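Source file query.cif; content: mmCIF, C-alpha atoms.
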data_work
loop_
_atom_site.label_atom_id
_atom_site.label_comp_id
_atom_site.auth_asym_id
_atom_site.auth_seq_id
_atom_site.Cartn_x
_atom_site.Cartn_y
_atom_site.Cartn_z
CA MET C 28 0.00 0.00 0.00
CA ASN C 29 2.92 2.36 0.61
CA SER C 30 4.21 1.93 -2.97
CA TYR C 31 0.73 2.15 -4.54
CA GLN C 32 0.87 5.94 -4.95
CA ARG C 33 4.18 5.78 -6.85
CA ILE C 34 2.77 4.04 -9.95
CA PHE C 35 0.74 7.10 -10.95
CA LEU C 36 2.26 9.97 -12.97
CA THR C 37 2.69 13.13 -11.01
CA PRO C 38 2.16 16.46 -12.81
CA LYS C 39 5.31 18.48 -13.48
CA LYS C 40 5.78 21.58 -11.43
CA ILE C 41 5.84 24.73 -13.57
CA MET C 42 8.12 27.37 -12.12
CA PRO C 43 6.95 30.96 -12.30
CA ALA C 44 8.52 33.09 -15.02
CA ILE C 45 11.41 35.32 -14.03
CA PRO C 46 10.27 38.92 -14.33
CA LEU C 47 12.44 41.21 -16.43
CA GLY C 48 14.00 44.34 -15.10
CA GLN C 49 15.05 42.93 -11.69
CA GLU C 50 18.67 43.26 -10.77
CA GLY C 51 20.71 40.10 -10.69
CA ASN C 52 18.23 38.14 -12.85
CA VAL C 53 19.02 37.31 -16.49
CA SER C 54 16.42 35.89 -18.87
CA HIS C 55 17.69 33.23 -21.29
CA ALA C 56 14.51 33.18 -23.42
CA PRO C 57 14.95 34.32 -27.05
CA GLN C 58 14.03 37.95 -27.42
CA ARG C 59 12.09 39.21 -30.39
CA PRO C 60 13.77 41.90 -32.44
CA THR C 61 12.45 45.36 -31.93
CA ALA C 62 10.75 47.33 -34.67
CA ILE C 63 13.90 49.39 -35.27
CA GLU C 64 16.07 46.27 -35.63
CA SER C 65 13.63 44.59 -38.02
CA GLN C 66 13.46 47.72 -40.17
CA ALA C 67 17.25 47.90 -40.26
CA SER C 68 17.52 44.25 -41.37
CA GLN C 69 14.93 44.80 -44.09
CA LYS C 70 16.86 47.82 -45.35
CA ARG C 71 20.07 45.75 -45.47
CA ASN C 72 18.30 43.03 -47.48
CA ARG C 73 16.80 45.60 -49.86
CA SER C 74 20.15 47.28 -50.39
CA GLN C 75 21.60 44.03 -51.84
CA PRO C 76 20.63 43.19 -55.43
CA ARG C 77 18.29 40.25 -55.84
CA GLY C 78 20.68 38.47 -58.18
CA LYS C 79 23.48 38.74 -55.66
CA GLN C 80 21.30 37.30 -52.89
CA THR C 81 20.31 34.37 -55.12
CA GLN C 82 23.95 33.76 -56.02
CA GLU C 83 24.99 33.76 -52.36
CA MET C 84 22.19 31.33 -51.48
CA LEU C 85 23.25 29.02 -54.31
CA PHE C 86 26.89 29.26 -53.26
CA ASN C 87 26.07 28.40 -49.64
CA HIS C 88 23.83 25.50 -50.70
CA ALA C 89 26.56 24.13 -52.98
CA ILE C 90 29.24 24.33 -50.26
CA LYS C 91 26.91 22.62 -47.80
CA ALA C 92 26.28 19.87 -50.36
CA LEU C 93 30.00 19.46 -51.08
CA LYS C 94 30.63 18.72 -47.41
CA LYS C 95 28.44 15.63 -47.68
CA PHE C 96 29.73 12.30 -48.89
CA PRO C 97 29.16 11.93 -52.66
CA ILE C 98 26.85 8.97 -52.09
CA GLU C 99 24.66 11.03 -49.71
CA ARG C 100 24.04 13.92 -52.13
CA SER C 101 20.52 14.33 -53.47
CA GLN C 102 19.58 15.41 -56.97
CA GLN C 103 19.01 18.97 -55.76
CA ASP C 104 22.48 19.00 -54.20
CA LEU C 105 24.05 17.87 -57.49
CA GLN C 106 22.16 20.55 -59.41
CA ALA C 107 23.29 23.26 -56.98
CA ILE C 108 26.91 22.12 -57.27
CA HIS C 109 26.66 22.05 -61.06
CA LYS C 110 25.24 25.59 -61.20
CA MET C 111 28.00 26.85 -58.93
CA LEU C 112 30.76 25.16 -60.97
CA LYS C 113 29.47 26.81 -64.16
CA MET C 114 30.33 30.20 -62.62
CA PHE C 115 34.09 29.47 -62.76
CA PRO C 116 35.74 29.95 -66.19
CA CYS C 117 38.65 27.69 -65.20
CA LEU C 118 36.23 24.73 -65.22
CA THR C 119 34.07 25.64 -68.21
CA THR C 120 37.13 26.12 -70.44
CA GLN C 121 38.88 22.88 -69.45
CA LEU C 122 35.93 20.49 -69.14
CA ALA C 123 33.36 19.42 -71.70
CA LYS C 124 29.66 19.77 -70.89
CA PRO C 125 29.16 16.08 -69.98
CA GLU C 126 32.24 16.15 -67.76
CA LEU C 127 31.16 19.37 -66.04
CA HIS C 128 27.73 17.87 -65.40
CA LYS C 129 29.17 14.65 -63.91
CA VAL C 130 32.00 16.24 -61.92
CA SER C 131 29.52 17.44 -59.29
CA SER C 132 29.22 13.83 -58.09
CA ILE C 133 32.96 13.35 -57.42
CA ALA C 134 34.10 16.78 -56.20
CA ILE C 135 34.74 17.23 -52.48
CA ILE C 136 35.59 20.19 -50.27
CA GLU C 137 38.57 20.38 -47.93
CA THR C 138 39.06 22.78 -45.01
CA TRP C 139 42.57 24.02 -44.29
CA ASP C 140 43.88 26.21 -41.48
CA ARG C 141 46.32 29.05 -41.91
CA GLY C 142 49.94 28.06 -42.56
CA GLN C 143 49.29 24.55 -43.91
CA ILE C 144 50.76 23.13 -47.12
CA VAL C 145 48.46 21.74 -49.82
CA PHE C 146 50.13 19.49 -52.40
CA GLY C 147 48.75 19.88 -55.91
CA HIS C 148 50.25 16.77 -57.52
CA ASN C 149 47.21 14.52 -56.96
CA GLY C 150 44.31 16.56 -58.32
CA PHE C 151 42.72 19.84 -59.30
CA PHE C 152 42.14 22.42 -56.56
CA LEU C 153 39.75 25.38 -56.75
CA ILE C 154 39.75 28.09 -54.06
CA LEU C 155 36.24 28.75 -52.71
CA LYS C 156 37.22 30.66 -49.58
CA GLY C 157 40.48 32.23 -48.41
CA SER C 158 43.75 32.53 -50.32
CA VAL C 159 46.91 30.51 -50.90
CA LYS C 160 50.39 31.16 -52.25
CA PRO C 161 51.69 28.63 -54.79
CA TYR C 162 55.28 27.37 -54.81
CA THR C 163 57.42 24.97 -56.82
CA ARG C 164 60.30 22.75 -55.79
CA GLU C 165 62.82 24.27 -58.14
CA ALA C 166 63.75 27.05 -55.68
CA PRO C 167 63.45 27.79 -51.95
CA ILE C 168 60.26 29.39 -50.68
CA GLU C 169 62.04 32.58 -49.64
CA ASP C 170 63.34 33.17 -53.19
CA GLN C 171 59.98 32.66 -54.92
CA LYS C 172 57.85 35.76 -55.44
CA THR C 173 54.60 34.36 -56.81
CA PRO C 174 51.29 36.20 -56.45
CA ALA C 175 48.68 34.80 -54.09
CA ILE C 176 45.66 32.92 -55.42
CA GLY C 177 42.26 34.07 -54.14
CA VAL C 178 38.68 32.92 -54.53
CA GLY C 179 38.14 31.50 -58.03
CA GLY C 180 41.81 30.70 -58.54
CA PHE C 181 43.14 27.17 -58.98
CA PHE C 182 46.27 25.05 -59.01
CA GLY C 183 47.03 21.43 -59.88
CA SER C 184 45.65 19.51 -62.87
CA PHE C 185 42.86 17.10 -63.77
CA GLU C 186 45.20 14.39 -65.03
CA PRO C 187 48.53 13.25 -63.53
CA PRO C 188 51.70 14.31 -65.38
CA HIS C 189 53.38 11.67 -67.51
CA SER C 190 56.45 10.02 -66.05
CA GLU C 191 58.57 10.84 -69.13
CA ASP C 192 57.86 14.57 -68.72
CA THR C 193 60.90 15.60 -66.73
CA GLY C 194 60.04 19.28 -66.95
CA ILE C 195 56.91 18.84 -64.82
CA ILE C 196 57.56 19.97 -61.24
CA THR C 197 55.19 19.13 -58.42
CA GLN C 198 53.41 22.25 -57.24
CA TYR C 199 52.17 22.98 -53.75
CA ALA C 200 50.51 25.92 -52.04
CA LEU C 201 50.76 27.52 -48.60
CA THR C 202 47.49 28.70 -47.06
CA LEU C 203 47.58 32.36 -46.03
CA GLU C 204 44.32 32.09 -44.05
CA ALA C 205 41.61 29.58 -43.26
CA CYS C 206 40.56 28.14 -46.63
CA GLU C 207 37.86 25.98 -48.16
CA ILE C 208 39.17 24.31 -51.31
CA LEU C 209 37.26 22.20 -53.82
CA LYS C 210 39.21 19.14 -54.92
CA ILE C 211 38.81 16.86 -57.95
CA SER C 212 41.17 13.92 -57.63
CA HIS C 213 43.01 12.32 -60.53
CA SER C 214 41.47 8.92 -59.85
CA GLY C 215 37.93 10.34 -59.68
CA TYR C 216 38.35 12.28 -62.91
CA ALA C 217 39.80 9.24 -64.71
CA LYS C 218 36.85 7.12 -63.56
CA LEU C 219 34.42 9.83 -64.68
CA LYS C 220 35.98 9.99 -68.17
CA LYS C 221 35.81 6.22 -68.45
CA GLU C 222 32.11 6.19 -67.55
CA ILE C 223 31.29 8.96 -70.05
CA SER C 224 33.19 7.24 -72.86
CA ALA C 225 31.40 3.96 -72.09
CA GLN C 226 28.01 5.69 -72.23
CA VAL C 227 28.85 7.41 -75.53
CA TYR C 228 30.09 4.15 -77.05
CA ALA C 229 26.95 2.29 -75.97
CA MET C 230 24.83 5.05 -77.51
CA LYS C 231 26.73 4.74 -80.80
CA GLU C 232 26.18 0.99 -80.85
CA SER C 233 22.46 1.36 -80.20
CA LEU C 234 22.28 4.03 -82.93
CA ILE C 235 23.70 1.61 -85.53
CA GLN C 236 21.65 -1.36 -84.36
CA GLY C 237 18.47 0.74 -84.45
CA CYS C 238 18.75 1.28 -88.23
CA GLN C 239 16.78 -1.25 -90.27
CA PHE C 240 19.75 -2.33 -92.41
CA TYR C 241 21.81 -3.34 -89.38
CA PHE C 242 19.36 -5.43 -87.34
CA ASP C 243 21.10 -8.76 -88.03
CA TRP C 244 24.69 -7.53 -88.01
CA PRO C 245 27.19 -9.32 -85.72
CA LYS C 246 28.51 -7.35 -82.77
CA LEU C 247 32.10 -7.41 -84.06
CA SER C 248 31.15 -5.56 -87.26
CA ILE C 249 29.02 -3.07 -85.31
CA ASP C 250 32.01 -2.38 -83.04
CA HIS C 251 34.11 -1.54 -86.10
CA LEU C 252 31.57 1.09 -87.17
CA ALA C 253 30.95 2.44 -83.66
CA LYS C 254 34.65 3.29 -83.29
CA LEU C 255 34.46 5.52 -86.40
CA ILE C 256 31.27 7.44 -85.58
CA GLN C 257 31.42 11.12 -84.69
CA LEU C 258 28.38 12.76 -83.09
CA LYS C 259 27.27 16.01 -84.70
CA THR C 260 24.26 18.35 -84.66
CA PHE C 261 22.95 19.99 -87.85
CA PRO C 262 20.60 23.02 -87.83
CA ALA C 263 17.33 23.08 -89.72
CA ASN C 264 17.29 23.84 -93.49
CA GLN C 265 20.88 22.73 -94.04
CA VAL C 266 21.79 20.83 -97.21
CA LEU C 267 23.54 17.59 -96.25
CA VAL C 268 23.73 15.93 -99.69
CA LYS C 269 23.38 17.48 -103.16
CA GLU C 270 21.92 15.62 -106.10
CA GLY C 271 24.54 14.48 -108.62
CA ARG C 272 27.40 14.46 -106.08
CA VAL C 273 28.89 11.76 -103.89
CA CYS C 274 27.67 11.91 -100.28
CA PRO C 275 30.19 13.70 -98.03
CA PHE C 276 29.63 11.21 -95.17
CA VAL C 277 27.55 8.32 -93.93
CA ALA C 278 24.93 9.49 -91.43
CA TYR C 279 22.87 7.66 -88.81
CA ILE C 280 20.03 9.89 -87.65
CA ARG C 281 19.44 9.87 -83.90
CA GLU C 282 16.93 12.72 -83.59
CA GLY C 283 15.21 14.97 -86.11
CA GLU C 284 13.92 14.65 -89.66
CA CYS C 285 15.32 15.17 -93.15
CA THR C 286 13.54 15.85 -96.46
CA ILE C 287 14.48 14.04 -99.68
CA LEU C 288 14.23 16.23 -102.80
CA GLN C 289 14.72 15.66 -106.53
CA ASP C 290 15.30 18.38 -109.06
CA ILE C 291 12.81 19.07 -111.87
CA GLY C 292 14.16 19.39 -115.40
CA SER C 293 11.39 19.66 -117.99
CA LEU C 294 9.02 21.90 -116.01
CA ILE C 295 11.56 24.69 -115.57
CA ASN C 296 10.71 27.81 -117.54
CA PRO C 297 13.69 28.59 -119.84
CA ALA C 298 13.13 32.32 -119.33
CA LYS C 299 13.54 31.93 -115.55
CA LYS C 300 16.30 29.34 -115.67
CA LYS C 301 19.12 31.90 -115.76
CA GLY C 302 18.23 33.94 -112.72
CA GLY C 303 16.03 31.64 -110.60
CA GLY C 304 17.00 28.50 -108.75
CA ILE C 305 16.12 24.96 -109.77
CA LYS C 306 12.79 23.76 -108.40
CA SER C 307 12.61 20.50 -106.47
CA VAL C 308 9.92 18.05 -105.55
CA VAL C 309 9.67 16.18 -102.23
CA VAL C 310 10.00 12.43 -102.84
CA GLY C 311 10.45 11.17 -99.28
CA LYS C 312 11.59 11.76 -95.70
CA LEU C 313 14.23 10.35 -93.38
CA GLY C 314 13.50 10.08 -89.69
CA CYS C 315 14.92 8.72 -86.47
CA MET C 316 17.02 5.53 -86.71
CA GLU C 317 17.55 5.78 -90.48
CA SER C 318 20.81 6.08 -92.41
CA PHE C 319 22.05 7.26 -95.79
CA GLY C 320 25.27 7.56 -97.80
CA GLU C 321 26.70 4.02 -97.54
CA VAL C 322 26.23 2.97 -101.19
CA SER C 323 27.19 6.37 -102.58
CA ILE C 324 30.56 6.41 -100.80
CA LEU C 325 31.55 2.76 -101.10
CA GLN C 326 30.66 2.55 -104.81
CA GLU C 327 31.50 6.21 -105.54
CA GLN C 328 28.08 6.81 -107.08
CA PRO C 329 26.52 10.28 -107.29
CA SER C 330 23.52 10.73 -105.04
CA PRO C 331 20.19 10.54 -106.94
CA CYS C 332 18.57 13.08 -104.60
CA THR C 333 19.17 16.07 -102.36
CA ILE C 334 18.82 15.68 -98.58
CA VAL C 335 17.93 18.74 -96.49
CA THR C 336 17.31 18.87 -92.73
CA ALA C 337 13.67 19.70 -91.98
CA THR C 338 14.36 20.13 -88.25
CA GLU C 339 17.45 20.19 -86.07
CA VAL C 340 19.12 16.82 -86.58
CA GLN C 341 21.41 14.94 -84.21
CA ALA C 342 23.31 12.25 -86.07
CA GLY C 343 26.38 10.08 -85.98
CA ILE C 344 28.55 10.47 -89.08
CA ILE C 345 31.44 8.48 -90.58
CA GLN C 346 33.87 10.24 -92.88
CA PRO C 347 34.68 8.62 -96.26
CA GLU C 348 38.36 8.17 -95.38
CA ALA C 349 37.48 6.20 -92.25
CA LEU C 350 34.88 4.13 -94.11
CA GLN C 351 37.34 3.19 -96.85
CA GLY C 352 39.77 1.98 -94.18
CA LEU C 353 37.43 -0.76 -92.94
CA ASP C 354 38.20 -4.43 -93.48
CA SER C 355 36.84 -6.17 -96.55
CA VAL C 356 34.33 -8.26 -94.56
CA THR C 357 32.61 -5.20 -93.05
CA ILE C 358 32.58 -3.36 -96.39
CA SER C 359 31.03 -6.31 -98.25
CA LEU C 360 28.48 -6.75 -95.45
CA MET C 361 27.53 -3.09 -95.70
CA LEU C 362 27.10 -3.30 -99.47
CA GLN C 363 24.87 -6.34 -99.12
CA THR C 364 22.56 -4.86 -96.48
CA ALA C 365 22.49 -1.14 -97.27
CA GLN C 366 20.34 0.27 -100.08
CA PRO C 367 20.32 3.57 -101.94
CA THR C 368 18.50 6.38 -100.17
CA CYS C 369 15.87 6.60 -102.93
CA GLY C 370 15.61 5.14 -106.38
CA LYS C 371 15.94 7.50 -109.31
CA LEU C 372 12.44 8.37 -110.44
CA SER C 373 11.61 8.81 -114.10
CA GLN C 374 10.96 12.29 -115.43
CA GLU C 375 7.27 11.49 -115.87
CA GLU C 376 6.93 10.38 -112.25
CA ILE C 377 8.71 13.51 -111.03
CA ASN C 378 6.39 15.71 -113.10
CA LYS C 379 3.26 13.99 -111.74
CA GLU C 380 4.48 14.29 -108.17
CA TYR C 381 5.33 17.94 -108.67
CA VAL C 382 1.86 18.70 -110.10
CA ARG C 383 0.20 16.86 -107.22
CA GLN C 384 2.18 18.77 -104.58
CA GLU C 385 1.54 22.11 -106.30
CA LYS C 386 -2.21 21.40 -106.41
CA SER C 387 -2.17 20.49 -102.75
CA LYS C 388 -0.37 23.73 -101.87
CA GLU C 389 -2.81 25.76 -103.99
CA TRP C 390 -5.82 24.11 -102.33
CA ASP C 391 -4.42 24.83 -98.85
CA HIS C 392 -3.87 28.44 -99.84
CA ILE C 393 -7.48 28.73 -101.12
CA LYS C 394 -8.91 27.27 -97.89
CA LYS C 395 -6.91 29.69 -95.76
CA ARG C 396 -7.90 32.66 -97.93
CA VAL C 397 -11.62 31.79 -97.84
CA LEU C 398 -11.55 31.31 -94.08
CA SER C 399 -9.66 34.57 -93.47
CA ASP C 400 -12.09 36.48 -95.75
CA ALA C 401 -15.11 35.04 -93.93
CA LEU C 402 -13.66 36.06 -90.58
CA PHE C 403 -12.63 39.51 -91.79
CA TYR C 404 -15.95 40.50 -93.40
CA ASN C 405 -17.84 39.35 -90.32
CA SER C 406 -15.57 41.43 -88.02
CA ILE C 407 -14.14 38.36 -86.31
CA GLN C 408 -10.55 38.30 -85.13
CA GLN C 409 -8.72 34.97 -84.95
CA GLY C 410 -8.01 33.94 -81.38
CA CYS C 411 -10.54 36.39 -79.95
CA GLY C 412 -14.12 35.13 -80.31
CA LYS C 413 -17.15 37.37 -79.91
CA TRP C 414 -18.34 35.31 -76.96
CA THR C 415 -15.53 36.79 -74.88
CA LEU C 416 -17.34 40.17 -74.84
CA ASN C 417 -19.90 41.04 -72.19
CA ARG C 418 -22.98 40.42 -74.31
CA GLY C 419 -24.32 37.20 -72.86
CA PRO C 420 -23.27 33.72 -73.99
CA ARG C 421 -26.45 32.56 -75.80
CA LYS C 422 -27.10 35.73 -77.76
CA THR C 423 -23.50 36.01 -78.87
CA ALA C 424 -23.33 32.38 -79.91
CA ASP C 425 -26.50 32.68 -81.99
CA LYS C 426 -25.23 35.82 -83.67
CA TYR C 427 -21.91 34.10 -84.40
CA LYS C 428 -23.70 31.18 -86.08
CA LEU C 429 -25.87 33.50 -88.20
CA SER C 430 -22.89 35.56 -89.34
CA MET C 431 -20.80 32.52 -90.29
CA PHE C 432 -23.60 30.55 -91.89
CA PRO C 433 -26.20 33.04 -93.31
CA SER C 434 -29.56 31.62 -94.31
CA SER C 435 -30.32 31.34 -97.99
#

As C-alpha cells, what does this structure read like?
Amino acid sequence: MNSYQRIFLTPKKIMPAIPLGQEGNVSHAPQRPTAIESQASQKRNRSQPRGKQTQEMLFNHAIKALKKFPIERSQQDLQAIHKMLKMFPCLTTQLAKPELHKVSSIAIIETWDRGQIVFGHNGFFLILKGSVKPYTREAPIEDQKTPAIGVGGFFGSFEPPHSEDTGIITQYALTLEACEILKISHSGYAKLKKEISAQVYAMKESLIQGCQFYFDWPKLSIDHLAKLIQLKTFPANQVLVKEGRVCPFVAYIREGECTILQDIGSLINPAKKKGGGIKSVVVGKLGCMESFGEVSILQEQPSPCTIVTATEVQAGIIQPEALQGLDSVTISLMLQTAQPTCGKLSQEEINKEYVRQEKSKEWDHIKKRVLSDALFYNSIQQGCGKWTLNRGPRKTADKYKLSMFPSS
C-alpha cells in the first residue's frame, strides 16, 4: 500500500517566469527583435541586389552539399553544385559539358587552417574561400615571389603528369588564411571519363543497331563502325547531300527529320532558268534511326537526290576516309545490307508528283484565304471570339452562327 501511490504519474511543477528588469536576474529566453532592428535588417536586405542574394544562397547551398559524402548527395544538391561550378571559367574552359555535369558527383571540399601546405600533384584544386600562395620545388620558398591565389583561382591539374615529362615539377601551395578548397582527384576524374566514354560508345552501338539495315549484323562488325562514328548536330534547313554528287559522309540519324528532294528538269521555264534557282519536288523523308550515304561512298556513285534537314538533326557520321579503311568483310556486309537512299524516279513520275504537290499547296492556300475572308468581313478576329465580350453567352453564340452561316 505504501508503494501504490508511486505508480501514478505526477504532474510536473511549472516554475513561475522570471520577471524582467530585476537586478541580478538574467532571462535566457529568445528575445524578439524590436521594430527598429527589423526595419534595419529589411533595409540591409533591400540594399543588396536580388541576383546577388540568389547567387549567395546558391553558393552556400553548394558548399553545404559538397561537405556531404558523394553517395549522400541528393539530386538537388548535385544541381546546386553544377550551377556553382558553371560560374568558374577555369572549369568551363577545361571540361566538356558532360564532364562538367558529372563532376559534381565526385568533387569534395577540404578545409585548411592558416599556414598549412596543400600538395597539388594529386588533383585539381579550386579556391572557394580564403587565399593561398603557390610554390614549386625548383627554388626555396624565400626566393619565390609568386602572387597569391584568391577565390576563383586554382592550381594542380585534372590528369597526372606523364612520367617521361621531366620538366613537370610538383606544385604545392601555402594557405595564407583559413581556406575551403574544392578538390577533384586524378582517380575520380579518370573514372568519370571512363564512364562517359562507355556511355557514348553504348549510344553509338544502339544508334547503328536501331537502323533497319543493321538489325542482323554481328557485334564485331558493329564495333568496327561504332569506333568511327562522330556525333554532330545539324541546324534546320541545311543541305547535307546534293543531287549528282557523292555523299560527303555516312549518317545515322538519332533525332530529327530530313527531307528528300529531286530536281525538276522539264518543267523549268527557260526564261527563268538563268536567274532563278532549280525547283525541287519532295520524294520522301528520313527520320529517327535511319541512315544514308553508304552505297554512294563505297561505290563512288553520285547521289540521286538532295537531302535537307527539316528540323534540327542529331546524327552520328562516318567520314569517307574512315569508311574506306574498314576491313573487306565489313565493307562487303555493308554493301549487301544497305540500299540507296531513294531510287531515281523517271521524269514522268517527277512531273506527276510535282503537279500533285503544287495542287495540294494551292488548295491549302485557297482554304486559308476563304476562311480569313469570312472572318474579316464578319468582323471576327482569330483567337478572340465574340463570346468573350460582355454580351451574354447565348445571344452572342447565336449571332456568331448567323454571321458565319447566313440563311439562304

Surrounding residues of C:Gln265 excluding itself and chain neighbours under 4 positions, 8 Å, all atoms listed in the file, as a PyMOL selection string: chain C and resi 261+335-336

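Among the candidates C:Leu402, C:Val273, C:Leu252, C:Val310, the residue lying nearest to C:Leu353 is C:Leu252 (atoms considered: only C-alpha atoms).
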
Residues matched by the PyMOL selection byres ((chain C and resi 198-200) around 8) as a ChimeraX atom specification: /C:144-148,159-164,182-183,196-197,201-202

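The shell of residues at most 7 Å from C:Gly283, with all atoms listed in the file counted and near chain neighbours (fewer than 6 positions) removed, consists of Gly314, Cys315, Thr338, Glu339, Val340 and Gln341 of chain C.
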
Non-local contacts of C:Ala349 (12 Å; all atoms listed in the file; under 2 positions in same chain excluded) as number ranges by chain: C: 251-257, 275-277, 324-325, 344-347, 351-354, 358

Which residue of C:Ala217, C:Leu203, C:Ile135, C:Cys332 approaches C:Thr286 most closely, using only C-alpha atoms: C:Cys332

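Minimum atom-to-atom distance to C:Asp290, evaluated using all atoms listed in the file, belongs to C:Ser307 out of C:Ser131, C:Ser307, C:Gln328, C:Gln363.
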
Length of the atom CA of C:Trp139 to atom CA of C:Lys110 vector [Å]: 24.3 Å

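One distance worth recording is that between atom CA of C:Glu126 and atom CA of C:His109, which is 10.5 Å.
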
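With only C-alpha atoms as the atoms that count, the minimum distance from C:Glu270 to the choices C:Leu153, C:Ile291, C:Leu122, C:Ile223 is reached by C:Ile291.
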
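If you measure from each of C:Phe115, C:Tyr404, C:Trp390, C:Phe319 to C:Thr333 using all atoms listed in the file, the closest one turns out to be C:Phe319.
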
Explicit residue set for the PyMOL selection byres ((chain C and resi 107) around 12), as JSON, numbers by chain: {"C": [81, 82, 83, 84, 85, 86, 87, 88, 89, 90, 91, 92, 93, 100, 101, 102, 103, 104, 105, 106, 108, 109, 110, 111, 112, 113, 114, 128, 131, 132]}

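Proximity of C:Ile334, C:Ser214, C:Phe240, C:Ser224 to C:Val266, computed with all atoms listed in the file, is greatest for C:Ile334.
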
Starting from the structure just given, write a file holding stretch 390-402 of chain C with N, CA, C and O atoms, as a PDB file, in the first residue's frame.
ATOM      1  N   TRP C 390      -4.574  24.351-103.033  1.00  0.00           N
ATOM      2  CA  TRP C 390      -5.821  24.111-102.328  1.00  0.00           C
ATOM      3  C   TRP C 390      -5.734  24.574-100.872  1.00  0.00           C
ATOM      4  O   TRP C 390      -6.678  25.149-100.334  1.00  0.00           O
ATOM      5  N   ASP C 391      -4.612  24.331-100.222  1.00  0.00           N
ATOM      6  CA  ASP C 391      -4.424  24.827 -98.854  1.00  0.00           C
ATOM      7  C   ASP C 391      -4.472  26.344 -98.813  1.00  0.00           C
ATOM      8  O   ASP C 391      -5.037  26.943 -97.882  1.00  0.00           O
ATOM      9  N   HIS C 392      -3.849  26.977 -99.791  1.00  0.00           N
ATOM     10  CA  HIS C 392      -3.873  28.438 -99.843  1.00  0.00           C
ATOM     11  C   HIS C 392      -5.295  28.965-100.031  1.00  0.00           C
ATOM     12  O   HIS C 392      -5.693  29.954 -99.407  1.00  0.00           O
ATOM     13  N   ILE C 393      -6.095  28.286-100.894  1.00  0.00           N
ATOM     14  CA  ILE C 393      -7.481  28.728-101.123  1.00  0.00           C
ATOM     15  C   ILE C 393      -8.308  28.585 -99.849  1.00  0.00           C
ATOM     16  O   ILE C 393      -9.102  29.470 -99.493  1.00  0.00           O
ATOM     17  N   LYS C 394      -8.161  27.474 -99.133  1.00  0.00           N
ATOM     18  CA  LYS C 394      -8.907  27.272 -97.895  1.00  0.00           C
ATOM     19  C   LYS C 394      -8.572  28.337 -96.860  1.00  0.00           C
ATOM     20  O   LYS C 394      -9.469  28.886 -96.194  1.00  0.00           O
ATOM     21  N   LYS C 395      -7.299  28.653 -96.720  1.00  0.00           N
ATOM     22  CA  LYS C 395      -6.913  29.690 -95.756  1.00  0.00           C
ATOM     23  C   LYS C 395      -7.461  31.053 -96.157  1.00  0.00           C
ATOM     24  O   LYS C 395      -7.893  31.835 -95.319  1.00  0.00           O
ATOM     25  N   ARG C 396      -7.431  31.354 -97.468  1.00  0.00           N
ATOM     26  CA  ARG C 396      -7.905  32.661 -97.928  1.00  0.00           C
ATOM     27  C   ARG C 396      -9.415  32.803 -97.722  1.00  0.00           C
ATOM     28  O   ARG C 396      -9.904  33.841 -97.276  1.00  0.00           O
ATOM     29  N   VAL C 397     -10.172  31.742 -98.021  1.00  0.00           N
ATOM     30  CA  VAL C 397     -11.623  31.793 -97.837  1.00  0.00           C
ATOM     31  C   VAL C 397     -11.972  31.954 -96.370  1.00  0.00           C
ATOM     32  O   VAL C 397     -12.853  32.741 -95.985  1.00  0.00           O
ATOM     33  N   LEU C 398     -11.276  31.213 -95.513  1.00  0.00           N
ATOM     34  CA  LEU C 398     -11.550  31.310 -94.079  1.00  0.00           C
ATOM     35  C   LEU C 398     -11.201  32.690 -93.539  1.00  0.00           C
ATOM     36  O   LEU C 398     -11.969  33.279 -92.759  1.00  0.00           O
ATOM     37  N   SER C 399     -10.046  33.236 -93.955  1.00  0.00           N
ATOM     38  CA  SER C 399      -9.664  34.569 -93.474  1.00  0.00           C
ATOM     39  C   SER C 399     -10.635  35.638 -93.976  1.00  0.00           C
ATOM     40  O   SER C 399     -10.962  36.578 -93.242  1.00  0.00           O
ATOM     41  N   ASP C 400     -11.129  35.513 -95.237  1.00  0.00           N
ATOM     42  CA  ASP C 400     -12.094  36.481 -95.752  1.00  0.00           C
ATOM     43  C   ASP C 400     -13.413  36.407 -94.985  1.00  0.00           C
ATOM     44  O   ASP C 400     -14.034  37.437 -94.667  1.00  0.00           O
ATOM     45  N   ALA C 401     -13.855  35.188 -94.673  1.00  0.00           N
ATOM     46  CA  ALA C 401     -15.105  35.041 -93.926  1.00  0.00           C
ATOM     47  C   ALA C 401     -14.989  35.653 -92.535  1.00  0.00           C
ATOM     48  O   ALA C 401     -15.908  36.308 -92.039  1.00  0.00           O
ATOM     49  N   LEU C 402     -13.852  35.481 -91.908  1.00  0.00           N
ATOM     50  CA  LEU C 402     -13.660  36.061 -90.578  1.00  0.00           C
ATOM     51  C   LEU C 402     -13.544  37.574 -90.652  1.00  0.00           C
ATOM     52  O   LEU C 402     -14.064  38.304 -89.806  1.00  0.00           O
TER      53      LEU C 402
END
